[in-house]
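Visitor: You'll find query_29.txt just under this line, and it carries compact mmCIF, C-alpha atoms and all ligand atoms.
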```txt
# COMPACT_ATOMS: atom_id res chain seq x y z
CA MET G 123 28.36 199.52 44.81
CA SER G 124 30.26 196.24 44.95
CA ARG G 125 28.68 193.16 46.47
CA TYR G 126 31.13 193.48 49.33
CA GLU G 127 30.12 197.08 50.03
CA GLU G 128 26.43 196.10 50.04
CA ALA G 129 27.09 193.18 52.34
CA ARG G 130 29.18 195.37 54.60
CA LYS G 131 26.20 197.71 54.99
CA ILE G 132 23.86 194.86 55.82
CA TYR G 133 26.24 193.57 58.49
CA SER G 134 26.70 197.02 59.90
CA SER G 135 22.92 197.23 60.39
CA TYR G 136 23.42 194.29 62.80
CA GLY G 137 26.21 196.20 64.49
CA VAL G 138 28.96 194.12 62.86
CA ASP G 139 32.12 195.68 61.42
CA THR G 140 33.17 193.50 58.48
CA GLU G 141 36.52 195.28 58.12
CA LYS G 142 37.41 194.41 61.68
CA ALA G 143 36.38 190.78 61.07
CA LEU G 144 38.53 190.51 57.92
CA ASP G 145 41.47 192.11 59.69
CA THR G 146 41.24 189.70 62.59
CA LEU G 147 40.88 186.63 60.39
CA LYS G 148 43.98 187.30 58.35
CA ASN G 149 46.14 186.97 61.47
CA VAL G 150 44.67 183.72 62.78
CA SER G 151 47.00 180.87 62.03
CA ILE G 152 45.77 177.38 61.30
CA SER G 153 48.14 174.46 61.71
CA VAL G 154 47.69 172.31 58.63
CA HIS G 155 48.39 168.57 59.04
CA CYS G 156 50.92 167.19 56.57
CA TRP G 157 49.39 163.70 56.65
CA GLN G 158 46.44 164.35 54.32
CA GLY G 159 48.92 164.22 51.44
CA ASP G 160 50.07 160.61 51.81
CA ASP G 161 47.38 158.81 53.81
CA VAL G 162 49.37 159.08 57.08
CA MET G 163 52.21 156.94 55.71
CA GLY G 164 55.31 159.02 56.47
CA PHE G 165 58.81 158.13 55.29
CA ASP G 166 60.49 156.28 58.13
CA SER G 167 59.08 152.79 57.65
CA ARG G 168 57.10 150.63 55.26
CA GLU G 169 54.71 149.54 58.02
CA ALA G 170 51.00 149.69 57.36
CA LEU G 171 49.03 152.37 59.17
CA SER G 172 48.15 151.14 62.65
CA GLY G 173 46.95 152.61 65.94
CA GLY G 174 43.23 152.19 65.35
CA ILE G 175 43.10 154.87 62.66
CA GLN G 176 42.45 154.17 59.01
CA THR G 177 42.48 155.80 55.62
CA THR G 178 40.08 154.36 53.09
CA GLY G 179 40.17 154.91 49.35
CA ASN G 180 42.78 154.61 46.68
CA TYR G 181 42.59 157.89 44.79
CA PRO G 182 45.56 158.15 42.42
CA GLY G 183 48.53 160.43 43.00
CA LYS G 184 49.38 160.22 46.67
CA ALA G 185 52.78 161.60 47.64
CA THR G 186 55.36 158.87 48.26
CA THR G 187 58.54 160.92 48.67
CA PRO G 188 59.41 164.06 50.65
CA GLU G 189 59.77 165.99 47.37
CA GLU G 190 56.29 164.98 46.23
CA LEU G 191 54.73 165.79 49.59
CA MET G 192 56.41 169.18 49.69
CA ALA G 193 55.23 169.98 46.17
CA ASP G 194 51.69 168.99 47.12
CA ILE G 195 51.80 171.09 50.29
CA ASP G 196 52.96 174.05 48.19
CA LYS G 197 50.08 173.53 45.80
CA ALA G 198 47.54 173.23 48.60
CA PHE G 199 48.93 176.21 50.53
CA SER G 200 48.80 178.38 47.42
CA LEU G 201 45.05 177.77 47.36
CA ILE G 202 44.41 178.28 51.08
CA PRO G 203 43.92 181.89 52.21
CA GLY G 204 45.21 183.17 55.55
CA LYS G 205 48.08 182.38 57.88
CA LYS G 206 49.26 178.79 58.12
CA LYS G 207 51.62 176.58 60.08
CA LEU G 208 52.72 173.13 58.98
CA ASN G 209 52.06 170.22 61.33
CA LEU G 210 54.49 167.30 61.00
CA HIS G 211 54.60 163.81 62.50
CA ALA G 212 57.85 162.16 63.59
CA SER G 213 57.30 159.50 60.92
CA TYR G 214 58.03 162.20 58.30
CA ALA G 215 61.73 162.22 59.19
CA ILE G 216 63.89 162.49 56.09
CA PHE G 217 66.96 160.25 56.00
CA GLU G 218 69.68 160.95 53.50
CA ASP G 219 72.07 158.58 51.72
CA GLY G 220 71.18 155.38 53.49
CA GLU G 221 71.40 156.78 57.02
CA TYR G 222 68.61 155.75 59.33
CA ALA G 223 67.61 156.35 62.94
CA ASP G 224 64.87 154.51 64.74
CA ARG G 225 62.17 156.52 66.50
CA ASP G 226 63.97 156.48 69.84
CA LYS G 227 67.05 157.97 68.19
CA ILE G 228 65.72 160.58 65.78
CA GLU G 229 67.39 163.97 65.84
CA SER G 230 66.93 167.48 64.58
CA LYS G 231 69.06 166.79 61.52
CA HIS G 232 66.45 164.34 60.25
CA PHE G 233 64.09 167.29 59.96
CA ALA G 234 66.52 169.81 58.50
CA LYS G 235 64.81 169.65 55.12
CA TRP G 236 61.46 170.42 56.68
CA VAL G 237 62.98 173.34 58.54
CA LYS G 238 64.41 174.70 55.32
CA PHE G 239 61.04 174.22 53.64
CA ALA G 240 59.31 176.11 56.47
CA LYS G 241 61.86 178.93 56.68
CA ASP G 242 61.80 179.53 52.93
CA ARG G 243 58.06 180.06 53.20
CA GLY G 244 57.89 181.86 56.55
CA LEU G 245 55.93 179.03 58.13
CA GLY G 246 55.93 177.83 61.73
CA LEU G 247 56.26 174.10 62.41
CA ASP G 248 54.23 172.00 64.83
CA PHE G 249 55.07 168.43 65.73
CA ASN G 250 53.73 165.05 66.82
CA PRO G 251 55.61 162.02 68.12
CA THR G 252 54.41 158.99 66.14
CA TYR G 253 53.18 156.20 68.42
CA PHE G 254 51.82 153.96 65.64
CA SER G 255 52.83 152.18 62.42
CA HIS G 256 55.97 150.76 64.05
CA PRO G 257 57.14 147.27 65.15
CA MET G 258 57.77 148.48 68.71
CA VAL G 259 54.01 148.98 69.15
CA LYS G 260 53.56 145.67 71.01
CA ASP G 261 50.07 144.28 71.45
CA GLY G 262 48.75 147.73 70.53
CA LEU G 263 50.60 149.38 73.42
CA THR G 264 53.32 152.03 73.62
CA LEU G 265 53.74 154.31 76.66
CA SER G 266 51.38 152.15 78.72
CA SER G 267 53.04 148.84 77.90
CA PRO G 268 53.84 146.45 80.76
CA ASP G 269 56.94 145.46 78.75
CA GLU G 270 59.67 147.77 80.09
CA GLU G 271 61.68 147.59 76.89
CA VAL G 272 58.71 148.77 74.86
CA ARG G 273 57.76 151.50 77.31
CA ALA G 274 61.35 152.78 77.55
CA PHE G 275 61.69 152.86 73.75
CA TRP G 276 58.65 155.09 73.47
CA VAL G 277 59.73 157.30 76.36
CA GLU G 278 62.94 157.95 74.44
CA HIS G 279 60.87 158.75 71.37
CA GLY G 280 58.88 161.33 73.31
CA LYS G 281 62.04 162.97 74.64
CA ALA G 282 63.64 163.05 71.19
CA CYS G 283 60.52 164.70 69.79
CA ILE G 284 60.46 167.47 72.41
CA ARG G 285 64.04 168.32 71.44
CA ILE G 286 63.03 168.41 67.79
CA ALA G 287 60.06 170.68 68.54
CA GLU G 288 62.41 173.07 70.32
CA TYR G 289 64.69 173.00 67.30
CA PHE G 290 61.69 173.91 65.11
CA ALA G 291 60.84 176.85 67.38
CA ASN G 292 64.43 178.09 67.49
CA GLU G 293 64.95 177.80 63.75
CA THR G 294 61.68 179.31 62.61
CA GLY G 295 61.35 181.85 65.44
CA ILE G 296 57.75 180.70 65.86
CA PRO G 297 56.65 178.64 68.91
CA SER G 298 56.04 174.96 68.23
CA VAL G 299 53.10 172.93 69.49
CA ILE G 300 53.96 169.28 70.09
CA ASN G 301 50.99 166.97 70.52
CA PHE G 302 51.10 163.64 72.32
CA TRP G 303 48.55 161.07 71.28
CA ILE G 304 48.93 157.35 71.89
CA PRO G 305 46.68 154.64 70.47
CA ASP G 306 47.00 152.34 73.51
CA GLY G 307 43.92 150.39 74.49
CA TYR G 308 42.09 147.07 74.33
CA LYS G 309 39.66 145.54 71.91
CA ASP G 310 37.90 143.70 74.69
CA ILE G 311 37.13 144.15 78.33
CA PRO G 312 40.30 144.58 80.39
CA ALA G 313 40.82 143.24 83.90
CA ASP G 314 43.06 146.13 84.91
CA ARG G 315 42.17 149.64 83.89
CA ILE G 316 44.37 151.54 86.29
CA GLY G 317 47.65 149.73 85.54
CA PRO G 318 48.03 150.94 81.94
CA ARG G 319 47.00 154.46 82.94
CA ALA G 320 49.51 154.50 85.78
CA ARG G 321 52.25 153.44 83.35
CA PHE G 322 51.17 156.09 80.83
CA LYS G 323 51.34 158.67 83.64
CA LYS G 324 54.80 157.52 84.65
CA SER G 325 55.97 157.59 81.02
CA LEU G 326 54.74 161.15 80.55
CA ASP G 327 56.52 162.19 83.76
CA GLU G 328 59.72 160.67 82.38
CA ILE G 329 59.34 162.34 78.98
CA LEU G 330 58.62 165.72 80.54
CA SER G 331 61.77 165.56 82.65
CA VAL G 332 63.52 166.80 79.51
CA GLN G 333 64.44 170.48 79.82
CA TYR G 334 62.74 172.66 77.25
CA ASP G 335 61.78 176.30 76.89
CA LYS G 336 58.11 176.54 77.83
CA SER G 337 57.72 179.86 76.04
CA LYS G 338 58.72 178.23 72.76
CA VAL G 339 57.40 174.68 73.03
CA PHE G 340 53.81 173.95 73.98
CA VAL G 341 53.12 170.34 74.88
CA THR G 342 49.56 169.24 74.26
CA LEU G 343 47.88 165.97 75.22
CA GLU G 344 45.10 164.51 73.08
CA SER G 345 42.36 162.25 74.42
CA LYS G 346 40.31 159.64 72.63
CA VAL G 347 37.28 157.50 73.34
CA PHE G 348 38.00 154.47 71.13
CA GLY G 349 39.74 153.31 67.95
CA ILE G 350 39.28 150.57 65.39
CA GLY G 351 40.24 147.35 67.13
CA VAL G 352 40.49 149.26 70.41
CA GLU G 353 36.79 149.53 71.16
CA SER G 354 36.53 148.65 74.83
CA TYR G 355 39.19 150.64 76.61
CA THR G 356 41.42 153.60 75.76
CA VAL G 357 44.28 154.46 78.08
CA GLY G 358 44.41 158.17 77.15
CA SER G 359 40.77 158.90 77.93
CA ALA G 360 39.31 162.39 78.30
CA GLU G 361 39.54 162.28 82.09
CA PHE G 362 43.13 161.08 82.00
CA THR G 363 44.44 163.66 79.54
CA LEU G 364 42.54 166.56 81.07
CA SER G 365 43.64 165.74 84.61
CA TYR G 366 47.23 165.16 83.57
CA SER G 367 47.33 168.40 81.58
CA MET G 368 45.88 170.45 84.42
CA GLN G 369 48.19 168.98 87.02
CA ASN G 370 51.34 169.31 84.91
CA GLY G 371 50.85 172.56 83.06
CA LEU G 372 50.29 170.95 79.66
CA THR G 373 47.70 172.10 77.17
CA PRO G 374 44.68 169.80 76.72
CA LEU G 375 43.85 168.94 73.11
CA MET G 376 40.36 168.05 71.98
CA ASP G 377 39.79 166.30 68.65
CA ASN G 378 36.11 166.57 67.81
CA GLY G 379 36.09 163.02 66.43
CA HIS G 380 37.09 161.65 69.81
CA TYR G 381 33.88 161.81 71.81
CA HIS G 382 30.59 159.97 71.95
CA PRO G 383 28.48 161.03 68.96
CA THR G 384 26.07 163.22 70.90
CA GLU G 385 28.85 165.06 72.76
CA VAL G 386 30.10 168.23 71.12
CA VAL G 387 33.48 169.91 71.49
CA SER G 388 31.83 173.32 70.98
CA ASP G 389 30.23 172.90 74.40
CA LYS G 390 33.49 171.86 76.07
CA ILE G 391 35.63 174.84 75.00
CA SER G 392 34.23 177.36 77.50
CA SER G 393 34.80 175.04 80.46
CA LEU G 394 38.41 174.41 79.52
CA LEU G 395 39.05 178.10 78.90
CA LEU G 396 38.08 178.83 82.49
CA PHE G 397 40.77 176.51 83.82
CA SER G 398 43.54 176.43 81.25
CA ASP G 399 45.47 179.35 79.82
CA LYS G 400 45.70 177.66 76.43
CA ILE G 401 43.74 174.88 74.78
CA ALA G 402 44.31 173.02 71.52
CA LEU G 403 41.95 171.59 68.92
CA HIS G 404 42.10 169.00 66.17
CA ILE G 405 39.33 170.02 63.85
CA THR G 406 37.96 167.08 61.92
CA ARG G 407 34.58 165.60 60.95
CA GLY G 408 33.40 162.38 62.43
CA VAL G 409 30.66 160.67 60.49
CA ARG G 410 28.99 158.36 63.04
CA TRP G 411 32.45 157.74 64.55
CA ASP G 412 36.00 159.13 64.43
CA SER G 413 36.08 158.74 60.68
CA ASP G 414 38.34 161.73 59.93
CA HIS G 415 36.27 163.05 57.02
CA VAL G 416 37.20 166.38 55.41
CA VAL G 417 35.99 169.37 57.47
CA LEU G 418 32.86 171.00 56.04
CA PHE G 419 31.22 174.35 56.68
CA ASP G 420 28.74 172.60 58.93
CA ASP G 421 26.94 173.50 62.13
CA GLU G 422 29.44 172.03 64.61
CA THR G 423 32.46 173.57 62.86
CA LYS G 424 30.70 176.95 63.02
CA GLU G 425 29.75 176.43 66.65
CA ILE G 426 33.36 175.57 67.57
CA ALA G 427 34.51 178.74 65.81
CA LYS G 428 31.87 180.83 67.58
CA GLU G 429 33.04 179.56 70.97
CA ILE G 430 36.61 180.61 70.18
CA VAL G 431 35.62 184.02 68.87
CA ARG G 432 32.86 185.01 71.29
CA ASN G 433 35.08 184.09 74.26
CA ASP G 434 37.79 186.29 72.82
CA ALA G 435 40.11 183.28 72.77
CA LEU G 436 41.75 183.42 69.33
CA GLU G 437 45.11 183.92 71.07
CA ARG G 438 44.52 181.08 73.49
CA VAL G 439 43.44 178.29 71.16
CA PHE G 440 45.88 176.33 68.99
CA ILE G 441 43.80 175.49 65.95
CA ALA G 442 44.90 172.50 63.89
CA THR G 443 43.26 170.29 61.30
CA ASP G 444 43.28 166.48 61.44
CA TYR G 445 41.58 164.38 58.78
CA PHE G 446 42.63 162.01 56.03
CA ASP G 447 40.55 161.10 53.03
CA ALA G 448 42.16 158.83 50.41
CA SER G 449 39.02 158.53 48.28
CA ILE G 450 39.17 162.00 46.72
CA ASN G 451 41.86 164.30 45.36
CA ARG G 452 44.09 164.92 48.38
CA ILE G 453 44.96 168.51 47.47
CA SER G 454 41.30 169.34 47.24
CA ALA G 455 40.69 167.59 50.56
CA TRP G 456 43.32 169.80 52.18
CA VAL G 457 42.05 173.04 50.64
CA THR G 458 38.38 172.34 51.28
CA GLY G 459 38.88 171.39 54.91
CA VAL G 460 41.23 174.21 55.87
CA ARG G 461 39.16 176.80 54.00
CA ASN G 462 36.13 175.62 55.93
CA VAL G 463 37.89 176.20 59.24
CA SER G 464 38.66 179.77 58.08
CA LYS G 465 35.13 180.21 56.81
CA ALA G 466 33.71 179.11 60.14
CA LEU G 467 35.98 181.60 61.92
CA LEU G 468 34.85 184.40 59.62
CA PHE G 469 31.23 183.41 60.15
CA ALA G 470 31.83 183.61 63.89
CA LEU G 471 33.58 186.97 63.59
CA LEU G 472 30.49 188.29 61.78
CA GLN G 473 28.12 187.57 64.68
CA PRO G 474 27.00 190.48 66.86
CA SER G 475 28.19 188.53 69.90
CA ALA G 476 27.82 191.29 72.49
CA GLU G 477 24.27 191.99 71.42
CA MET G 478 23.39 188.30 71.46
CA LYS G 479 24.82 187.88 74.95
CA ARG G 480 22.71 190.81 76.08
CA LEU G 481 19.58 189.14 74.71
CA GLN G 482 20.49 185.97 76.60
CA ASP G 483 21.14 187.80 79.87
CA GLU G 484 17.83 189.63 79.57
CA ASN G 485 16.24 186.26 78.91
CA ASP G 486 14.90 187.43 75.58
CA MET G 487 15.37 184.00 74.09
CA THR G 488 12.68 184.80 71.51
CA ALA G 489 14.69 187.63 69.97
CA LEU G 490 17.88 185.59 70.31
CA MET G 491 16.42 182.73 68.27
CA VAL G 492 15.26 185.16 65.60
CA MET G 493 18.73 186.76 65.47
CA HIS G 494 20.46 183.36 65.20
CA GLU G 495 18.22 182.43 62.27
CA GLU G 496 18.52 185.83 60.60
CA LEU G 497 22.31 185.63 60.54
CA LYS G 498 22.27 182.28 58.76
CA THR G 499 21.08 183.94 55.56
CA ALA G 500 22.99 187.22 55.87
CA PRO G 501 25.29 187.80 52.83
CA PHE G 502 28.20 185.89 54.31
CA GLY G 503 29.43 184.66 50.91
CA ASP G 504 30.22 188.19 49.80
CA ILE G 505 32.43 188.81 52.81
CA TRP G 506 34.16 185.45 52.35
CA ASN G 507 34.82 186.27 48.69
CA GLU G 508 36.31 189.59 49.76
CA PHE G 509 38.65 187.72 52.11
CA LEU G 510 39.71 185.44 49.25
CA ARG G 511 40.30 188.44 47.02
CA ARG G 512 42.47 190.19 49.60
CA GLU G 513 44.46 187.00 50.09
CA ASN G 514 45.01 186.61 46.34
CA THR G 515 43.01 183.41 46.23
CA ASP G 516 39.89 182.55 44.30
CA SER G 517 36.62 180.83 45.09
CA ASP G 518 37.42 178.56 42.15
CA TYR G 519 40.15 176.19 43.27
CA ILE G 520 38.84 173.05 41.65
CA THR G 521 40.23 174.17 38.26
CA ALA G 522 43.73 174.52 39.70
CA VAL G 523 43.37 171.20 41.51
CA LYS G 524 42.26 169.41 38.32
CA ASN G 525 45.13 170.91 36.34
CA TYR G 526 47.64 169.79 38.97
CA GLU G 527 46.06 166.36 38.99
CA LYS G 528 46.43 166.09 35.23
CA LYS G 529 49.97 167.45 35.06
CA VAL G 530 51.49 166.06 38.25
CA LEU G 531 49.42 163.55 40.22
CA LYS G 532 48.39 161.35 37.28
CA GLU G 533 52.03 161.08 36.20
CA ARG G 534 53.06 159.45 39.48
CA LYS G 535 53.64 155.71 39.30
C1 LIG G 601 44.05 159.77 66.13
C2 LIG G 601 44.33 161.17 66.52
C3 LIG G 601 45.66 161.70 66.06
C4 LIG G 601 45.99 161.31 64.64
C5 LIG G 601 47.20 162.01 64.06
C6 LIG G 601 47.68 161.36 62.82
O1 LIG G 601 42.77 159.39 66.38
O2 LIG G 601 43.31 162.00 66.08
O3 LIG G 601 45.68 163.07 66.23
O4 LIG G 601 44.92 161.52 63.78
O5 LIG G 601 48.18 162.12 65.01
ZN ZN G 602 43.58 164.13 66.31
```
Could you quickly redo this structure as structure tokens?

Guide:
Amino acid sequence: MSRYEEARKIYSSYGVDTEKALDTLKNVSISVHCWQGDDVMGFDSREALSGGIQTTGNYPGKATTPEELMADIDKAFSLIPGKKKLNLHASYAIFEDGEYADRDKIESKHFAKWVKFAKDRGLGLDFNPTYFSHPMVKDGLTLSSPDEEVRAFWVEHGKACIRIAEYFANETGIPSVINFWIPDGYKDIPADRIGPRARFKKSLDEILSVQYDKSKVFVTLESKVFGIGVESYTVGSAEFTLSYSMQNGLTPLMDNGHYHPTEVVSDKISSLLLFSDKIALHITRGVRWDSDHVVLFDDETKEIAKEIVRNDALERVFIATDYFDASINRISAWVTGVRNVSKALLFALLQPSAEMKRLQDENDMTALMVMHEELKTAPFGDIWNEFLRRENTDSDYITAVKNYEKKVLKERK
């Protein structure tokens, strides 16, 4: 008997159908962020990364042109099992033959190459307006700026991006998720906390006055607790984004690096699911703070996955990755992180959730603890390897990554 068949038997003794789990997993799509490949640089300006986020490290071979980034995405995607979408930022606009449009004037045509890339590969495209790394970010502020010229510029950017997201959905035939995150905030104690939030609210109202097809474009709003250089006050706080989303029919987005270190997103998912039809996640790994480390197969990633699966919410949660490590091979960073999201989902799909809920409801917390611990050492690896096999991928991806590094990445200037 193969290792998979043996493992399948063991799981079935817990009442878990591994075939059903594998079948479900292959249809879950993960939106993979394009910005791991070039340290969040994009192509529309030479500005340094700003907005209170940072990439550290100088590993050789980062992509510096659209062609290089596309080649790297292809390499990474070939090593990632399962269904994927590609998540772009507005700063990845591609301008041809000297043409240029500033962020308030970008159009669908500046993303035509990405659309072709996606269509050729059967991928959906998600989107993000880019409210950082730009000279119109004045005093660290965008949509909450008291400077009308600055605020209006960024409102136009938001509107332009919604139109582009709709173009993505129309072209690919797959709905597009567009996520709004702004870095606005203050390093030190403000005297007016409500003013910036009122302006942010007004700006969002203005942006959302654009007509778009709500069955094709899902607008999400991401909160944050602080950023580097923005430690004392963040305009788009959890309370702001959640309230705004609920009141205006947007989808709230939680990034698990964006909360106080003892708060966990896994515990927040169930509450949001009771009040919002859809929710969105940026899966990342904060180490002490929002450090955007590569996602691991760790306890919180598994717990997030369990909350999605056991609440039967795979269709209601937009799952995306968001991390950027410049200190290691970027292809490997992509593959490792996205595989770990899939792994966590498979791990969750292999839990006898109904049985465990029953134990909880009967207050048999003793048996529940034993069951939790038992499942940690069940032959999960054999089921994961079977998933890789069915997806024509291998548990060994480091060899392919090293070859690509030698042949392609090391050759880049
Ligand atoms: C920043 C947010 C945001 C960005 C990307 C690049 O803290 O997490 O999602 O990481 O938009
Ligand atoms: Zn994020």

Visitor: What does the list of residues within 9 Å of ligand LIG 601 (chain G) look like if you count all atoms listed in the file, written as a PDB file with C-alpha atoms, keeping the file's coordinate frame?

Guide:
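Result file selection.pdb:
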```pdb
ATOM      1  CA  HIS G 155      48.390 168.570  59.040  1.00  0.00           C
ATOM      2  CA  TRP G 157      49.390 163.700  56.650  1.00  0.00           C
ATOM      3  CA  VAL G 162      49.370 159.080  57.080  1.00  0.00           C
ATOM      4  CA  GLY G 173      46.950 152.610  65.940  1.00  0.00           C
ATOM      5  CA  GLY G 174      43.230 152.190  65.350  1.00  0.00           C
ATOM      6  CA  ILE G 175      43.100 154.870  62.660  1.00  0.00           C
ATOM      7  CA  HIS G 211      54.600 163.810  62.500  1.00  0.00           C
ATOM      8  CA  ASN G 250      53.730 165.050  66.820  1.00  0.00           C
ATOM      9  CA  PRO G 251      55.610 162.020  68.120  1.00  0.00           C
ATOM     10  CA  THR G 252      54.410 158.990  66.140  1.00  0.00           C
ATOM     11  CA  TYR G 253      53.180 156.200  68.420  1.00  0.00           C
ATOM     12  CA  PHE G 254      51.820 153.960  65.640  1.00  0.00           C
ATOM     13  CA  ASN G 301      50.990 166.970  70.520  1.00  0.00           C
ATOM     14  CA  PHE G 302      51.100 163.640  72.320  1.00  0.00           C
ATOM     15  CA  TRP G 303      48.550 161.070  71.280  1.00  0.00           C
ATOM     16  CA  ILE G 304      48.930 157.350  71.890  1.00  0.00           C
ATOM     17  CA  PRO G 305      46.680 154.640  70.470  1.00  0.00           C
ATOM     18  CA  GLU G 344      45.100 164.510  73.080  1.00  0.00           C
ATOM     19  CA  SER G 345      42.360 162.250  74.420  1.00  0.00           C
ATOM     20  CA  LYS G 346      40.310 159.640  72.630  1.00  0.00           C
ATOM     21  CA  PHE G 348      38.000 154.470  71.130  1.00  0.00           C
ATOM     22  CA  GLY G 349      39.740 153.310  67.950  1.00  0.00           C
ATOM     23  CA  MET G 376      40.360 168.050  71.980  1.00  0.00           C
ATOM     24  CA  ASP G 377      39.790 166.300  68.650  1.00  0.00           C
ATOM     25  CA  ASN G 378      36.110 166.570  67.810  1.00  0.00           C
ATOM     26  CA  GLY G 379      36.090 163.020  66.430  1.00  0.00           C
ATOM     27  CA  HIS G 380      37.090 161.650  69.810  1.00  0.00           C
ATOM     28  CA  HIS G 404      42.100 169.000  66.170  1.00  0.00           C
ATOM     29  CA  THR G 406      37.960 167.080  61.920  1.00  0.00           C
ATOM     30  CA  ASP G 412      36.000 159.130  64.430  1.00  0.00           C
ATOM     31  CA  SER G 413      36.080 158.740  60.680  1.00  0.00           C
ATOM     32  CA  ASP G 414      38.340 161.730  59.930  1.00  0.00           C
ATOM     33  CA  ASP G 444      43.280 166.480  61.440  1.00  0.00           C
ATOM     34  CA  TYR G 445      41.580 164.380  58.780  1.00  0.00           C
ATOM     35  CA  PHE G 446      42.630 162.010  56.030  1.00  0.00           C
TER      36      PHE G 446
END
```

Visitor: What does the distance between atom CA of G:Val237 and atom CA of G:Arg512 come to in Å, to one decimal place?

Guide: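 Calculated distance between atom CA of G:Val237 and atom CA of G:Arg512 is 28.0 Å.
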
Visitor: What does the structure give for the distance between atom CA of G:Tyr366 and atom CA of G:Val277, in Å to one decimal?

Guide: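 Between these atoms lies a distance of 16.4 Å.
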
Visitor: Just checking: using all atoms listed in the file, which residue out of G:Val523, G:Ala360, G:Ile453, G:Leu403 ends up closest to ligand ZN 602 (chain G)?

Guide: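 Counting all atoms listed in the file, the residue closest to ligand ZN 602 (chain G) is G:Leu403.
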
Visitor: Could you give me the axis-aligned bounding box of stretch 234-252 of chain G, with 6 Å of padding per side, as centre plus edge lengths in Å to one decimal, as AutoDock Vina command-line options?

Guide:
```
--center_x 60.1 --center_y 170.4 --center_z 60.5 --size_x 24.8 --size_y 34.9 --size_z 27.2
```

Visitor: Rank nothing, just name the residue among G:Glu422, G:Thr294, G:Thr342, G:Ile195 nearest to ligand ZN 602 (chain G), using only C-alpha atoms and all ligand atoms.

Guide: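 Looking at the shortest contact to ligand ZN 602 (chain G), the residue is G:Thr342.
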
Visitor: Could you check the closest approach to G:Phe509 for each of G:Leu147, G:Val352, G:Met123, G:Leu472 and tell me which residue wins, using only C-alpha atoms?

Guide: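 Using only C-alpha atoms, the shortest distance to G:Phe509 belongs to G:Leu147.
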
Visitor: Please provide as a PyMOL selection string all residues within 9 Å of G:Leu330, with the sequence filter that same-chain residues fewer than 5 positions apart are discarded (counting all atoms listed in the file).

Guide: chain G and resi 280-281+284+325

Visitor: Include C-alpha atoms and write out the residues we just selected as an mmCIF file, in the coordinates of the input.

Guide:
```
data_model
loop_
_atom_site.group_PDB
_atom_site.id
_atom_site.type_symbol
_atom_site.label_atom_id
_atom_site.label_comp_id
_atom_site.auth_asym_id
_atom_site.auth_seq_id
_atom_site.Cartn_x
_atom_site.Cartn_y
_atom_site.Cartn_z
ATOM 1 C CA GLY G 280 58.880 161.330 73.310
ATOM 2 C CA LYS G 281 62.040 162.970 74.640
ATOM 3 C CA ILE G 284 60.460 167.470 72.410
ATOM 4 C CA SER G 325 55.970 157.590 81.020
#
```

Visitor: Find the residue from G:Asp248, G:Glu189, G:Asp486, G:Asp224 that sits nearest to G:Ile152; use only C-alpha atoms when measuring.

Guide: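 With only C-alpha atoms as the atom set, the closest residue is G:Asp248.
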
Visitor: If we draw a sphere of 12 Å around (52.5, 147.7, 81.1), which residues have at least one atom in it when counting only C-alpha atoms? Please report them as a JSON list (two decimals) with C-alpha atoms, keeping the file's coordinate frame.

Guide:
```json
[["chain", "number", "residue", "atom", "x", "y", "z"],
["G", 260, "LYS", "CA", 53.56, 145.67, 71.01],
["G", 261, "ASP", "CA", 50.07, 144.28, 71.45],
["G", 262, "GLY", "CA", 48.75, 147.73, 70.53],
["G", 263, "LEU", "CA", 50.60, 149.38, 73.42],
["G", 264, "THR", "CA", 53.32, 152.03, 73.62],
["G", 265, "LEU", "CA", 53.74, 154.31, 76.66],
["G", 266, "SER", "CA", 51.38, 152.15, 78.72],
["G", 267, "SER", "CA", 53.04, 148.84, 77.90],
["G", 268, "PRO", "CA", 53.84, 146.45, 80.76],
["G", 269, "ASP", "CA", 56.94, 145.46, 78.75],
["G", 270, "GLU", "CA", 59.67, 147.77, 80.09],
["G", 271, "GLU", "CA", 61.68, 147.59, 76.89],
["G", 272, "VAL", "CA", 58.71, 148.77, 74.86],
["G", 273, "ARG", "CA", 57.76, 151.50, 77.31],
["G", 274, "ALA", "CA", 61.35, 152.78, 77.55],
["G", 306, "ASP", "CA", 47.00, 152.34, 73.51],
["G", 307, "GLY", "CA", 43.92, 150.39, 74.49],
["G", 314, "ASP", "CA", 43.06, 146.13, 84.91],
["G", 315, "ARG", "CA", 42.17, 149.64, 83.89],
["G", 316, "ILE", "CA", 44.37, 151.54, 86.29],
["G", 317, "GLY", "CA", 47.65, 149.73, 85.54],
["G", 318, "PRO", "CA", 48.03, 150.94, 81.94],
["G", 319, "ARG", "CA", 47.00, 154.46, 82.94],
["G", 320, "ALA", "CA", 49.51, 154.50, 85.78],
["G", 321, "ARG", "CA", 52.25, 153.44, 83.35],
["G", 322, "PHE", "CA", 51.17, 156.09, 80.83],
["G", 323, "LYS", "CA", 51.34, 158.67, 83.64],
["G", 324, "LYS", "CA", 54.80, 157.52, 84.65],
["G", 325, "SER", "CA", 55.97, 157.59, 81.02],
["G", 357, "VAL", "CA", 44.28, 154.46, 78.08]]
```

Visitor: Using all atoms listed in the file, find all polymer residues with an atom at most 9 Å away from the point (55.5, 178.1, 51.4); report them as a list in words.

Guide: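 Checking each residue against the 9 Å limit leaves Ile195, Asp196, Phe199, Ser200, Phe239, Ala240, Lys241, Asp242, Arg243, Gly244 and Leu245 of chain G.
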
Visitor: Would you pick out the contacts of G:Leu201 at 12 Å or less, using only C-alpha atoms, so that residues sharing its chain but fewer than 4 positions from it are not included, and give the list as a list in words?

Guide: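 Those residues are Asp194, Ile195, Asp196, Lys197, Lys205, Lys206, Ile453, Ser454, Ala455, Trp456, Val457, Thr458, Gly459, Val460, Arg461, Leu510, Arg511, Glu513, Asn514, Thr515, Asp516, Ser517, Asp518, Tyr519, Ile520, Thr521, Ala522, Val523 and Tyr526 of chain G.
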